[in-house]
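Colleague: Have a peek at target-v5.cif (mmCIF, C-alpha atoms).
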```
data_coords
loop_
_atom_site.label_atom_id
_atom_site.label_comp_id
_atom_site.auth_asym_id
_atom_site.auth_seq_id
_atom_site.Cartn_x
_atom_site.Cartn_y
_atom_site.Cartn_z
CA MET A 1 -24.51 8.85 30.32
CA SER A 2 -23.96 5.09 30.47
CA LEU A 3 -20.56 3.42 30.67
CA ARG A 4 -20.99 2.11 27.14
CA GLN A 5 -21.60 5.60 25.78
CA ARG A 6 -18.57 6.96 27.63
CA LEU A 7 -16.38 4.20 26.22
CA ALA A 8 -17.72 4.92 22.73
CA GLN A 9 -16.87 8.61 23.15
CA LEU A 10 -13.38 7.75 24.40
CA VAL A 11 -12.79 5.43 21.45
CA GLY A 12 -13.98 8.14 19.06
CA ARG A 13 -11.61 10.70 20.58
CA LEU A 14 -8.62 8.34 20.48
CA GLN A 15 -9.36 7.44 16.87
CA ASP A 16 -9.75 11.07 15.74
CA PRO A 17 -7.29 11.81 12.89
CA GLN A 18 -7.17 15.44 14.03
CA LYS A 19 -5.21 14.30 17.09
CA VAL A 20 -2.68 12.60 14.83
CA ALA A 21 -2.41 15.76 12.73
CA ARG A 22 -1.93 17.90 15.87
CA PHE A 23 0.87 15.60 17.04
CA GLN A 24 2.53 15.90 13.65
CA ARG A 25 2.29 19.70 13.73
CA LEU A 26 3.68 19.69 17.27
CA CYS A 27 6.68 17.74 15.94
CA GLY A 28 7.18 20.10 13.01
CA VAL A 29 5.37 18.27 10.18
CA GLU A 30 2.86 20.12 8.02
CA ALA A 31 1.39 19.57 4.60
CA PRO A 32 2.41 22.29 2.11
CA PRO A 33 -0.37 24.77 1.34
CA ARG A 34 -2.16 24.48 -1.97
CA ARG A 35 -1.54 27.30 -4.43
CA SER A 36 -5.21 27.42 -5.23
CA ALA A 37 -8.32 25.42 -4.61
CA ASP A 38 -8.52 24.77 -8.33
CA ARG A 39 -5.37 25.44 -10.30
CA ARG A 40 -7.09 24.97 -13.62
CA GLU A 41 -9.48 27.84 -12.90
CA ASP A 42 -6.53 30.09 -12.18
CA GLU A 43 -4.88 29.13 -15.44
CA LYS A 44 -8.04 29.90 -17.39
CA ALA A 45 -8.22 33.33 -15.80
CA GLU A 46 -4.54 34.09 -16.45
CA ALA A 47 -4.30 33.23 -20.16
CA PRO A 48 -6.57 32.65 -23.16
CA LEU A 49 -7.25 29.04 -23.98
CA ALA A 50 -5.99 29.39 -27.55
CA GLY A 51 -2.53 30.69 -26.80
CA ASP A 52 -1.47 29.33 -23.44
CA PRO A 53 1.01 26.45 -23.85
CA ARG A 54 0.28 25.31 -20.28
CA LEU A 55 -3.25 24.35 -21.34
CA ARG A 56 -2.41 22.63 -24.62
CA GLY A 57 -1.83 18.90 -24.82
CA ARG A 58 -3.55 18.07 -21.54
CA GLN A 59 -4.66 14.47 -21.64
CA PRO A 60 -7.12 12.82 -19.28
CA GLY A 61 -5.14 11.35 -16.43
CA ALA A 62 -2.11 13.62 -16.90
CA PRO A 63 -0.85 15.55 -13.87
CA GLY A 64 -3.04 18.58 -13.33
CA GLY A 65 -5.63 17.41 -15.88
CA PRO A 66 -8.99 15.77 -15.32
CA GLN A 67 -8.67 12.26 -14.04
CA PRO A 68 -10.63 9.39 -15.52
CA PRO A 69 -13.07 7.59 -13.24
CA GLY A 70 -11.42 5.20 -10.83
CA SER A 71 -7.92 6.61 -11.29
CA ASP A 72 -7.68 8.33 -7.92
CA ARG A 73 -4.65 6.75 -6.29
CA ASN A 74 -5.45 8.52 -3.06
CA GLN A 75 -8.01 5.86 -2.27
CA CYS A 76 -7.31 2.21 -1.63
CA PRO A 77 -10.22 0.05 -2.83
CA ALA A 78 -12.89 -1.03 -0.44
CA LYS A 79 -13.20 -4.71 0.27
CA PRO A 80 -15.61 -6.46 -2.08
CA ASP A 81 -17.71 -8.03 0.65
CA GLY A 82 -18.38 -4.63 2.19
CA GLY A 83 -16.82 -5.60 5.50
CA GLY A 84 -15.07 -2.59 6.92
CA ALA A 85 -14.11 0.77 5.54
CA PRO A 86 -11.80 1.29 2.54
CA ASN A 87 -8.24 0.56 3.55
CA GLY A 88 -5.81 3.46 3.81
CA VAL A 89 -8.36 6.24 3.34
CA ARG A 90 -6.74 9.21 1.58
CA ASN A 91 -3.23 7.94 1.12
CA GLY A 92 -2.37 11.54 0.34
CA LEU A 93 -0.49 12.23 -2.83
CA ALA A 94 1.56 15.39 -2.74
CA ALA A 95 -0.37 18.64 -2.68
CA GLU A 96 0.58 21.52 -4.93
CA LEU A 97 3.70 23.25 -3.75
CA GLY A 98 3.40 26.59 -2.06
CA PRO A 99 5.79 29.51 -2.37
CA ALA A 100 8.50 27.68 -0.43
CA SER A 101 9.44 24.28 -1.81
CA PRO A 102 9.17 21.68 0.96
CA ARG A 103 11.57 18.75 1.04
CA ARG A 104 10.16 15.28 0.45
CA ALA A 105 9.93 13.71 3.87
CA GLY A 106 8.08 10.57 2.95
CA ALA A 107 10.30 8.68 0.54
CA LEU A 108 11.77 6.49 3.28
CA ARG A 109 9.33 3.61 2.73
CA ARG A 110 8.04 3.69 -0.83
CA ASN A 111 5.52 0.94 -1.53
CA SER A 112 7.28 -1.19 -4.12
CA LEU A 113 4.08 -3.04 -5.05
CA THR A 114 1.72 -0.09 -5.50
CA GLY A 115 4.20 2.65 -6.42
CA GLU A 116 2.87 4.97 -3.72
CA GLU A 117 5.18 7.45 -2.01
CA GLY A 118 4.89 9.57 1.07
CA GLN A 119 3.52 13.10 0.84
CA LEU A 120 5.58 16.17 0.28
CA ALA A 121 5.63 17.88 3.62
CA ARG A 122 7.20 20.78 5.47
CA VAL A 123 9.51 19.33 8.13
CA SER A 124 10.90 21.96 10.45
CA ASN A 125 12.42 19.59 13.03
CA TRP A 126 14.78 17.27 11.18
CA PRO A 127 16.35 15.65 14.29
CA LEU A 128 12.87 14.46 15.29
CA TYR A 129 12.20 13.28 11.76
CA CYS A 130 15.40 11.20 11.76
CA LEU A 131 14.64 9.83 15.23
CA PHE A 132 11.16 8.70 14.26
CA CYS A 133 12.40 7.26 10.97
CA PHE A 134 14.75 5.14 13.05
CA GLY A 135 11.88 4.22 15.36
CA THR A 136 9.65 3.06 12.53
CA GLU A 137 12.52 1.01 11.05
CA LEU A 138 12.59 -0.99 14.30
CA GLY A 139 9.45 -2.68 13.02
CA ASN A 140 10.52 -3.26 9.41
CA GLU A 141 12.18 -6.12 7.55
CA LEU A 142 15.66 -4.55 7.46
CA PHE A 143 15.76 -4.48 11.26
CA TYR A 144 14.48 -8.03 11.67
CA ILE A 145 16.92 -9.52 9.16
CA LEU A 146 19.81 -7.95 11.11
CA PHE A 147 18.53 -8.23 14.68
CA PHE A 148 17.58 -11.92 14.94
CA PRO A 149 20.71 -13.25 13.18
CA PHE A 150 22.90 -11.05 15.38
CA TRP A 151 21.43 -12.68 18.47
CA ILE A 152 21.71 -16.19 17.06
CA TRP A 153 25.25 -15.84 15.65
CA ASN A 154 26.93 -13.58 18.20
CA LEU A 155 25.08 -13.31 21.49
CA ASP A 156 22.86 -16.20 22.58
CA PRO A 157 21.21 -18.65 20.14
CA LEU A 158 18.66 -19.76 22.74
CA VAL A 159 17.47 -16.20 23.36
CA GLY A 160 17.46 -15.50 19.62
CA ARG A 161 15.33 -18.55 18.83
CA ARG A 162 12.81 -17.78 21.54
CA LEU A 163 12.59 -14.15 20.51
CA VAL A 164 11.64 -15.39 17.04
CA VAL A 165 8.94 -17.67 18.51
CA ILE A 166 7.40 -14.72 20.36
CA TRP A 167 7.74 -12.40 17.37
CA VAL A 168 6.02 -14.84 15.01
CA LEU A 169 3.14 -15.38 17.44
CA VAL A 170 2.62 -11.68 18.18
CA MET A 171 2.88 -10.56 14.56
CA TYR A 172 0.66 -13.33 13.24
CA LEU A 173 -2.12 -12.58 15.71
CA GLY A 174 -1.75 -8.86 15.04
CA GLN A 175 -1.99 -9.25 11.25
CA CYS A 176 -5.02 -11.55 11.50
CA THR A 177 -6.75 -9.19 13.92
CA LYS A 178 -6.27 -6.31 11.46
CA ASP A 179 -8.08 -8.22 8.73
CA ILE A 180 -10.90 -9.18 11.10
CA ILE A 181 -11.54 -5.71 12.55
CA ARG A 182 -10.91 -3.89 9.23
CA TRP A 183 -10.52 -0.33 10.48
CA PRO A 184 -9.02 2.18 8.01
CA ARG A 185 -5.85 4.17 8.40
CA PRO A 186 -6.17 7.77 9.63
CA ALA A 187 -7.74 9.98 6.96
CA SER A 188 -5.49 12.25 4.91
CA PRO A 189 -6.16 15.14 5.10
CA PRO A 190 -5.84 16.18 7.88
CA VAL A 191 -3.08 13.62 8.48
CA VAL A 192 0.15 13.89 6.48
CA LYS A 193 1.19 10.44 5.23
CA LEU A 194 4.97 10.46 5.42
CA GLU A 195 5.10 6.70 4.88
CA VAL A 196 2.78 4.57 2.78
CA PHE A 197 4.57 1.23 2.59
CA TYR A 198 1.89 -0.46 4.70
CA ASN A 199 -0.98 1.80 3.65
CA SER A 200 -2.86 -0.99 1.88
CA GLU A 201 -3.20 -2.78 5.22
CA TYR A 202 -5.82 -2.08 7.85
CA SER A 203 -4.95 -0.11 10.94
CA MET A 204 -6.21 -1.76 14.13
CA PRO A 205 -4.09 -2.82 16.00
CA SER A 206 -0.68 -1.40 15.15
CA THR A 207 1.65 -4.35 14.55
CA HIS A 208 4.60 -1.96 14.79
CA ALA A 209 3.45 -1.13 18.31
CA MET A 210 3.00 -4.85 19.02
CA SER A 211 6.51 -5.69 17.82
CA GLY A 212 7.95 -2.65 19.59
CA THR A 213 6.37 -3.85 22.81
CA ALA A 214 7.00 -7.59 22.52
CA ILE A 215 10.69 -7.52 21.57
CA PRO A 216 12.13 -5.37 24.41
CA ILE A 217 9.93 -6.99 27.07
CA SER A 218 10.84 -10.47 25.82
CA MET A 219 14.53 -9.58 25.69
CA VAL A 220 14.47 -8.65 29.36
CA LEU A 221 12.37 -11.66 30.38
CA LEU A 222 14.63 -14.08 28.49
CA THR A 223 17.98 -12.61 29.53
CA TYR A 224 17.53 -11.47 33.12
CA GLY A 225 18.73 -14.28 35.37
CA ARG A 226 20.38 -16.00 32.41
CA TRP A 227 22.94 -13.22 32.00
CA GLN A 228 24.51 -11.04 34.66
CA TYR A 229 23.43 -7.41 34.28
CA PRO A 230 21.57 -4.85 36.40
CA LEU A 231 17.79 -5.04 35.99
CA ILE A 232 17.63 -1.25 35.74
CA TYR A 233 19.13 -1.51 32.23
CA GLY A 234 16.18 -3.57 31.10
CA LEU A 235 13.68 -1.29 32.82
CA ILE A 236 15.16 1.66 30.93
CA LEU A 237 15.28 -0.19 27.61
CA ILE A 238 11.62 -1.27 27.58
CA PRO A 239 9.89 2.17 27.78
CA CYS A 240 12.49 3.84 25.51
CA TRP A 241 12.17 1.23 22.75
CA CYS A 242 8.41 0.88 23.06
CA SER A 243 7.64 4.61 23.13
CA LEU A 244 9.98 5.36 20.21
CA VAL A 245 8.31 2.78 17.94
CA CYS A 246 4.77 3.71 19.01
CA LEU A 247 5.21 7.47 18.64
CA SER A 248 6.93 7.01 15.29
CA ARG A 249 3.78 5.44 13.84
CA ILE A 250 1.69 8.44 14.85
CA TYR A 251 4.38 10.79 13.55
CA MET A 252 4.38 9.00 10.19
CA GLY A 253 0.61 9.37 9.99
CA MET A 254 0.01 5.64 9.80
CA HIS A 255 -1.89 5.00 13.04
CA SER A 256 -4.31 6.66 15.41
CA ILE A 257 -3.68 6.87 19.14
CA LEU A 258 -6.24 4.10 19.64
CA ASP A 259 -4.36 1.77 17.28
CA ILE A 260 -1.19 2.24 19.31
CA ILE A 261 -2.83 1.71 22.70
CA ALA A 262 -4.68 -1.37 21.44
CA GLY A 263 -1.46 -2.82 20.00
CA PHE A 264 0.38 -2.30 23.29
CA LEU A 265 -2.36 -3.85 25.44
CA TYR A 266 -2.94 -6.70 23.00
CA THR A 267 0.76 -7.59 23.18
CA ILE A 268 0.74 -7.59 26.97
CA LEU A 269 -2.22 -10.00 26.87
CA ILE A 270 -0.50 -12.29 24.36
CA LEU A 271 2.70 -12.37 26.41
CA ALA A 272 0.78 -13.08 29.62
CA VAL A 273 -0.96 -16.06 28.02
CA PHE A 274 1.74 -17.57 25.82
CA TYR A 275 5.11 -16.63 27.35
CA PRO A 276 5.06 -19.56 29.85
CA PHE A 277 4.98 -21.95 26.86
CA VAL A 278 7.94 -20.46 24.97
CA ASP A 279 10.50 -22.78 26.57
CA LEU A 280 8.32 -25.79 25.80
CA ILE A 281 7.91 -24.72 22.14
CA ASP A 282 11.64 -24.14 21.67
CA ASN A 283 12.56 -27.48 23.25
CA PHE A 284 9.98 -29.24 21.06
CA ASN A 285 11.37 -27.58 17.92
CA GLN A 286 14.87 -28.82 18.74
CA THR A 287 14.32 -32.27 20.16
CA HIS A 288 11.09 -33.85 18.85
CA LYS A 289 11.69 -36.43 16.14
CA TYR A 290 8.94 -35.16 13.84
CA ALA A 291 9.26 -31.47 14.75
CA PRO A 292 10.09 -30.23 11.19
CA PHE A 293 6.98 -31.87 9.69
CA ILE A 294 4.76 -30.53 12.46
CA ILE A 295 6.29 -27.04 12.25
CA ILE A 296 5.86 -26.78 8.48
CA GLY A 297 2.35 -28.21 8.59
CA LEU A 298 1.25 -25.91 11.43
CA HIS A 299 2.63 -22.78 9.81
CA LEU A 300 1.03 -23.65 6.50
CA ALA A 301 -2.31 -24.27 8.21
CA LEU A 302 -2.11 -20.92 10.00
CA GLY A 303 -1.25 -19.25 6.72
CA ILE A 304 -4.13 -20.80 4.82
CA PHE A 305 -6.53 -19.65 7.52
CA SER A 306 -5.26 -16.06 7.51
CA PHE A 307 -4.95 -15.74 3.74
CA THR A 308 -8.71 -16.18 3.28
CA LEU A 309 -9.54 -13.20 5.47
CA ASP A 310 -8.91 -10.41 3.00
CA THR A 311 -8.23 -9.37 -0.57
CA TRP A 312 -4.71 -8.46 -1.64
CA SER A 313 -2.68 -6.19 0.59
CA THR A 314 0.84 -6.10 1.94
CA SER A 315 -0.61 -7.70 5.08
CA ARG A 316 -1.10 -11.01 3.33
CA GLY A 317 2.46 -11.17 2.01
CA ASP A 318 3.87 -10.06 5.36
CA THR A 319 1.96 -12.84 7.11
CA ALA A 320 3.44 -15.43 4.74
CA GLU A 321 6.89 -13.93 5.31
CA ILE A 322 6.52 -14.09 9.10
CA LEU A 323 5.28 -17.69 9.07
CA GLY A 324 7.93 -18.78 6.58
CA SER A 325 10.72 -17.16 8.61
CA GLY A 326 9.50 -18.77 11.81
CA ALA A 327 9.21 -22.21 10.22
CA GLY A 328 12.65 -21.96 8.63
CA ILE A 329 14.37 -20.84 11.83
CA ALA A 330 12.66 -23.58 13.86
CA CYS A 331 13.54 -26.31 11.33
CA GLY A 332 17.11 -25.04 11.09
CA SER A 333 17.51 -25.11 14.88
CA HIS A 334 16.25 -28.73 14.88
CA VAL A 335 18.89 -29.84 12.36
CA THR A 336 21.63 -27.81 14.06
CA TYR A 337 20.82 -29.30 17.46
CA ASN A 338 20.82 -32.89 16.17
CA MET A 339 24.14 -32.35 14.38
CA GLY A 340 25.67 -30.82 17.52
CA LEU A 341 26.75 -27.63 15.75
CA VAL A 342 25.36 -25.23 18.37
CA LEU A 343 24.84 -26.39 21.94
CA ASP A 344 23.25 -24.24 24.63
CA PRO A 345 25.20 -23.87 27.89
CA SER A 346 24.16 -26.18 30.70
CA LEU A 347 21.94 -24.85 33.48
CA ASP A 348 24.66 -25.18 36.13
CA THR A 349 26.72 -22.49 34.36
CA LEU A 350 23.98 -19.86 34.72
CA PRO A 351 23.96 -16.93 35.10
CA LEU A 352 26.34 -16.28 32.23
CA ALA A 353 28.89 -13.49 32.38
CA GLY A 354 29.73 -11.48 29.31
CA PRO A 355 33.23 -12.23 27.98
CA PRO A 356 35.79 -9.43 27.95
CA ILE A 357 35.68 -7.51 24.70
CA THR A 358 38.91 -8.08 22.82
CA MET A 359 39.96 -7.34 19.26
CA THR A 360 39.75 -11.06 18.45
CA LEU A 361 36.20 -11.32 19.80
CA PHE A 362 35.14 -8.14 18.04
CA GLY A 363 36.76 -9.21 14.77
CA LYS A 364 35.05 -12.62 14.82
CA ALA A 365 31.69 -10.98 15.50
CA ILE A 366 32.09 -8.61 12.55
CA LEU A 367 33.27 -11.47 10.34
CA ARG A 368 30.26 -13.61 11.28
CA ILE A 369 27.87 -10.77 10.50
CA LEU A 370 29.48 -9.99 7.14
CA ILE A 371 29.75 -13.60 5.97
CA GLY A 372 26.36 -14.56 7.35
CA MET A 373 24.45 -11.60 5.89
CA VAL A 374 26.08 -12.00 2.47
CA PHE A 375 25.03 -15.66 2.42
CA VAL A 376 21.50 -14.88 3.63
CA LEU A 377 21.00 -12.13 1.04
CA ILE A 378 22.26 -14.41 -1.71
CA VAL A 379 19.82 -17.11 -0.60
CA ARG A 380 16.97 -14.59 -0.56
CA ASP A 381 17.74 -13.26 -4.04
CA VAL A 382 18.21 -16.73 -5.54
CA MET A 383 14.97 -18.02 -4.05
CA LYS A 384 13.12 -14.91 -5.24
CA LYS A 385 14.36 -15.43 -8.80
CA ILE A 386 13.27 -19.06 -8.67
CA THR A 387 9.92 -18.90 -6.86
CA ILE A 388 8.24 -15.97 -8.61
CA PRO A 389 8.70 -17.22 -12.21
CA LEU A 390 7.86 -20.76 -11.12
CA ALA A 391 4.65 -19.70 -9.41
CA CYS A 392 3.68 -17.58 -12.43
CA LYS A 393 4.27 -20.56 -14.72
CA ILE A 394 2.31 -22.99 -12.53
CA PHE A 395 -0.70 -20.70 -12.15
CA ASN A 396 -0.49 -19.27 -15.70
CA ILE A 397 0.01 -15.67 -14.55
CA PRO A 398 1.80 -13.17 -16.85
CA TYR A 399 5.38 -12.57 -15.76
CA ASP A 400 6.12 -9.43 -17.80
CA ASP A 401 5.27 -7.15 -14.85
CA ILE A 402 6.61 -8.57 -11.58
CA ARG A 403 4.79 -5.94 -9.51
CA LYS A 404 1.40 -6.96 -10.90
CA ALA A 405 2.28 -10.65 -10.75
CA ARG A 406 3.07 -10.39 -7.05
CA GLN A 407 -0.37 -8.95 -6.37
CA HIS A 408 -1.80 -12.39 -7.17
CA MET A 409 -2.12 -14.55 -4.08
CA GLU A 410 -0.89 -17.60 -6.01
CA VAL A 411 2.45 -15.83 -6.60
CA GLU A 412 3.01 -13.67 -3.54
CA LEU A 413 2.31 -16.31 -0.90
CA PRO A 414 4.52 -19.15 -2.20
CA TYR A 415 7.26 -16.64 -2.96
CA ARG A 416 7.22 -15.15 0.52
CA TYR A 417 6.75 -18.41 2.41
CA ILE A 418 9.37 -20.46 0.55
CA THR A 419 11.92 -17.66 0.18
CA TYR A 420 11.85 -16.57 3.81
CA GLY A 421 11.59 -20.15 4.97
CA MET A 422 14.95 -20.73 3.31
CA VAL A 423 16.27 -17.48 4.78
CA GLY A 424 15.28 -18.66 8.26
CA PHE A 425 16.76 -22.11 7.66
CA SER A 426 20.00 -20.49 6.51
CA ILE A 427 20.20 -18.33 9.64
CA THR A 428 20.02 -21.29 12.02
CA PHE A 429 21.68 -24.06 9.99
CA PHE A 430 23.64 -23.17 6.83
CA VAL A 431 25.39 -20.11 8.25
CA PRO A 432 26.34 -21.76 11.61
CA TYR A 433 27.66 -24.71 9.61
CA ILE A 434 29.82 -22.30 7.56
CA PHE A 435 31.10 -20.73 10.79
CA PHE A 436 31.93 -24.19 12.16
CA PHE A 437 33.68 -25.19 8.94
CA ILE A 438 35.94 -22.10 8.77
CA GLY A 439 36.55 -22.00 12.53
CA ILE A 440 34.79 -18.82 13.66
CA SER A 441 31.82 -20.36 15.46
#
```
Can you dump the structure from the file as structure tokens?
Modeller:
Amino acid sequence: MSLRQRLAQLVGRLQDPQKVARFQRLCGVEAPPRRSADRREDEKAEAPLAGDPRLRGRQPGAPGGPQPPGSDRNQCPAKPDGGGAPNGVRNGLAAELGPASPRRAGALRRNSLTGEEGQLARVSNWPLYCLFCFGTELGNELFYILFFPFWIWNLDPLVGRRLVVIWVLVMYLGQCTKDIIRWPRPASPPVVKLEVFYNSEYSMPSTHAMSGTAIPISMVLLTYGRWQYPLIYGLILIPCWCSLVCLSRIYMGMHSILDIIAGFLYTILILAVFYPFVDLIDNFNQTHKYAPFIIIGLHLALGIFSFTLDTWSTSRGDTAEILGSGAGIACGSHVTYNMGLVLDPSLDTLPLAGPPITMTLFGKAILRILIGMVFVLIVRDVMKKITIPLACKIFNIPYDDIRKARQHMEVELPYRYITYGMVGFSITFFVPYIFFFIGIS
């Protein structure tokens, strides 16, 4: 057997959805058994058609009744150009309940744009379920909108800015690679889909795995030598963070083992190539006279390139959100630097020592988080209410159903890019200015 054939066999084994299903069963997740292969046949055998109220009033498309063609929500549509398999094969709506009613274990990340929810499933190990729910949240918007501001407002703005640069680069390349390779999600069945928020995206590589690898490694690279702490702390943090995020994606039924391994290795390659330029990029963003124009133009150009790769999916909106956030944070840091609001410590003061934790320090940190997050969320909601109706009006798209309106590229992309661009700008300029004005900077 040739090396190429062996590699093909290895890839096939690592991509096998049965391995994902076995891991889920090992962790205590199983799909509930069906009551019958065909419930309608059972009902016909149990009661006459004329007198059984369970069989009267069935309409095509109603639960338990015959579905009209094309109404199967278990399947995401294939791409029109035929490139790649249908995305999110067998999303997995809930099966019929068995004798014991299982608890819904997949409602954590409901897809707000498609209405899909996770499957009903039997979960026998709830501590593991909670742990992996936490792990998967380490790659979601809620985590990012808390994590990066916390670094910038309370810990080290320089590290926070450069973490954002790395995150934007890694996530952008990961999202584009998904739409180029176009591999489907693990099939369900046999996999139980506990989470379907990203099920309309392709699968290879796992961007959760990429983020879960890039962030802890970058944190250690950026802080060790700049701050005084034992290296062993970083060496413990990296595998714990990375493995928790990666395993959570298999547990949730969203990725194969191959997707996870590819995401991890791809991130290592990206960091090896681009990490030496992170300092240069951050310094350019802060100091170059025309940095804001170049930043906005570059991010828009990257977005236009990536948005033509695929039909609608959450991937496209997420890419716009990532690019908008990165552009806003970079532009905000440029204005903040030139106004002298936030100055990085000089090199002769390194390595930095952590200040003693006092009630005053702790109170200011909590106050900055509360005030900053309230302002950021207000900015996000205001921009959302402005950009979506405006985009619908400009492109003559009906506004009566926001969910359907957002599935148009002309609405979703400007909304995400502009809204999260302002969110990023607020994080690095408006909020620090508020802190400076009220004396808690």
Colleague: With the file shown as input, list the residues that the PyMOL selection byres ((chain A and resi 387-394) around 8) selects, as a VMD selection string.
Modeller: chain A and resid 383 to 386 395 to 399 405 to 406 410 to 412 414 to 415 418 to 419
Colleague: So, counting all atoms listed in the file, which residue among A:Ile438, A:Ile250, A:Leu155, A:Ile270 is closest to Ala353 (chain A)?
Modeller: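 Nearest to Ala353 (chain A): A:Leu155.
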Colleague: Could you tell me, as a PDB file with C-alpha atoms, in the coordinates of the input, which residues have any atom at most 12 Å from (26.0, -11.2, 28.9), counting only C-alpha atoms?
Modeller:
```pdb
ATOM      1  CA  TRP A 151      21.430 -12.680  18.470  1.00  0.00           C
ATOM      2  CA  ASN A 154      26.930 -13.580  18.200  1.00  0.00           C
ATOM      3  CA  LEU A 155      25.080 -13.310  21.490  1.00  0.00           C
ATOM      4  CA  ASP A 156      22.860 -16.200  22.580  1.00  0.00           C
ATOM      5  CA  VAL A 159      17.470 -16.200  23.360  1.00  0.00           C
ATOM      6  CA  VAL A 220      14.470  -8.650  29.360  1.00  0.00           C
ATOM      7  CA  LEU A 222      14.630 -14.080  28.490  1.00  0.00           C
ATOM      8  CA  THR A 223      17.980 -12.610  29.530  1.00  0.00           C
ATOM      9  CA  TYR A 224      17.530 -11.470  33.120  1.00  0.00           C
ATOM     10  CA  GLY A 225      18.730 -14.280  35.370  1.00  0.00           C
ATOM     11  CA  ARG A 226      20.380 -16.000  32.410  1.00  0.00           C
ATOM     12  CA  TRP A 227      22.940 -13.220  32.000  1.00  0.00           C
ATOM     13  CA  GLN A 228      24.510 -11.040  34.660  1.00  0.00           C
ATOM     14  CA  TYR A 229      23.430  -7.410  34.280  1.00  0.00           C
ATOM     15  CA  PRO A 230      21.570  -4.850  36.400  1.00  0.00           C
ATOM     16  CA  LEU A 350      23.980 -19.860  34.720  1.00  0.00           C
ATOM     17  CA  PRO A 351      23.960 -16.930  35.100  1.00  0.00           C
ATOM     18  CA  LEU A 352      26.340 -16.280  32.230  1.00  0.00           C
ATOM     19  CA  ALA A 353      28.890 -13.490  32.380  1.00  0.00           C
ATOM     20  CA  GLY A 354      29.730 -11.480  29.310  1.00  0.00           C
ATOM     21  CA  PRO A 355      33.230 -12.230  27.980  1.00  0.00           C
ATOM     22  CA  PRO A 356      35.790  -9.430  27.950  1.00  0.00           C
ATOM     23  CA  ILE A 357      35.680  -7.510  24.700  1.00  0.00           C
TER      24      ILE A 357
END
```
Colleague: Measuring atom to atom with all atoms listed in the file, identify which of A:Ile281, A:Ala330, A:Met254, A:Gly135 is nearest to Phe293 (chain A).
Modeller: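 For Phe293 (chain A), the nearest of the given residues is A:Ala330.
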Colleague: Hey, can you check how far CA of Gly174 (chain A) sits from CA of Ser426 (chain A)?
Modeller: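 CA of Ser426 (chain A) lies 26.1 Å from CA of Gly174 (chain A).
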Colleague: When distances are computed from only C-alpha atoms, which of A:His208, A:His408, A:Lys193, A:Lys19 shows the smallest separation from Leu138 (chain A)?
Modeller: A:His208
Colleague: Work out how far CA of Arg185 (chain A) is from CA of Phe132 (chain A), in Å to one decimal.
Modeller: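 The value is 18.6 Å.
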Colleague: Residues near Leu131 (chain A), anyone? I mean within 9 Å using only C-alpha atoms, not counting same-chain ones fewer than 5 positions away, as a list in words.
Modeller: Trp126, Thr136, Leu244 and Ser248 of chain A
Colleague: Can you spell out as a ChimeraX atom specification the set of residues that the PyMOL selection byres ((chain A and resi 430) around 12) selects in the structure I just provided?
Modeller: /A:153,328-329,331-333,335-336,339,341-342,371-373,375-376,379,422-429,431-437
Colleague: Translate the PyMOL selection byres ((chain A and resi 216) around 10), as applied to the file shown, into an explicit residue set as a list in words.
Modeller: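 Those residues are Leu163, Ser211, Gly212, Thr213, Ala214, Ile215, Ile217, Ser218, Met219, Val220, Leu221, Leu222, Gly234, Leu235, Leu237, Ile238, Pro239, Cys240, Trp241 and Cys242 of chain A.
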Colleague: Could you pull the residues within 12 Å of Ser203 (chain A), counting all atoms listed in the file, minus those fewer than 6 positions along the same chain, as a PyMOL selection string?
Modeller: chain A and resi 15+84-89+174-187+209+249-250+253-260+262-263+315
Colleague: Rank A:Leu120, A:Val278, A:Val170, A:Val245 by their smallest atom-to-atom distance to Glu137 (chain A), using only C-alpha atoms, and report the top residue only.
Modeller: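 Looking at the shortest contact to Glu137 (chain A), the residue is A:Val245.
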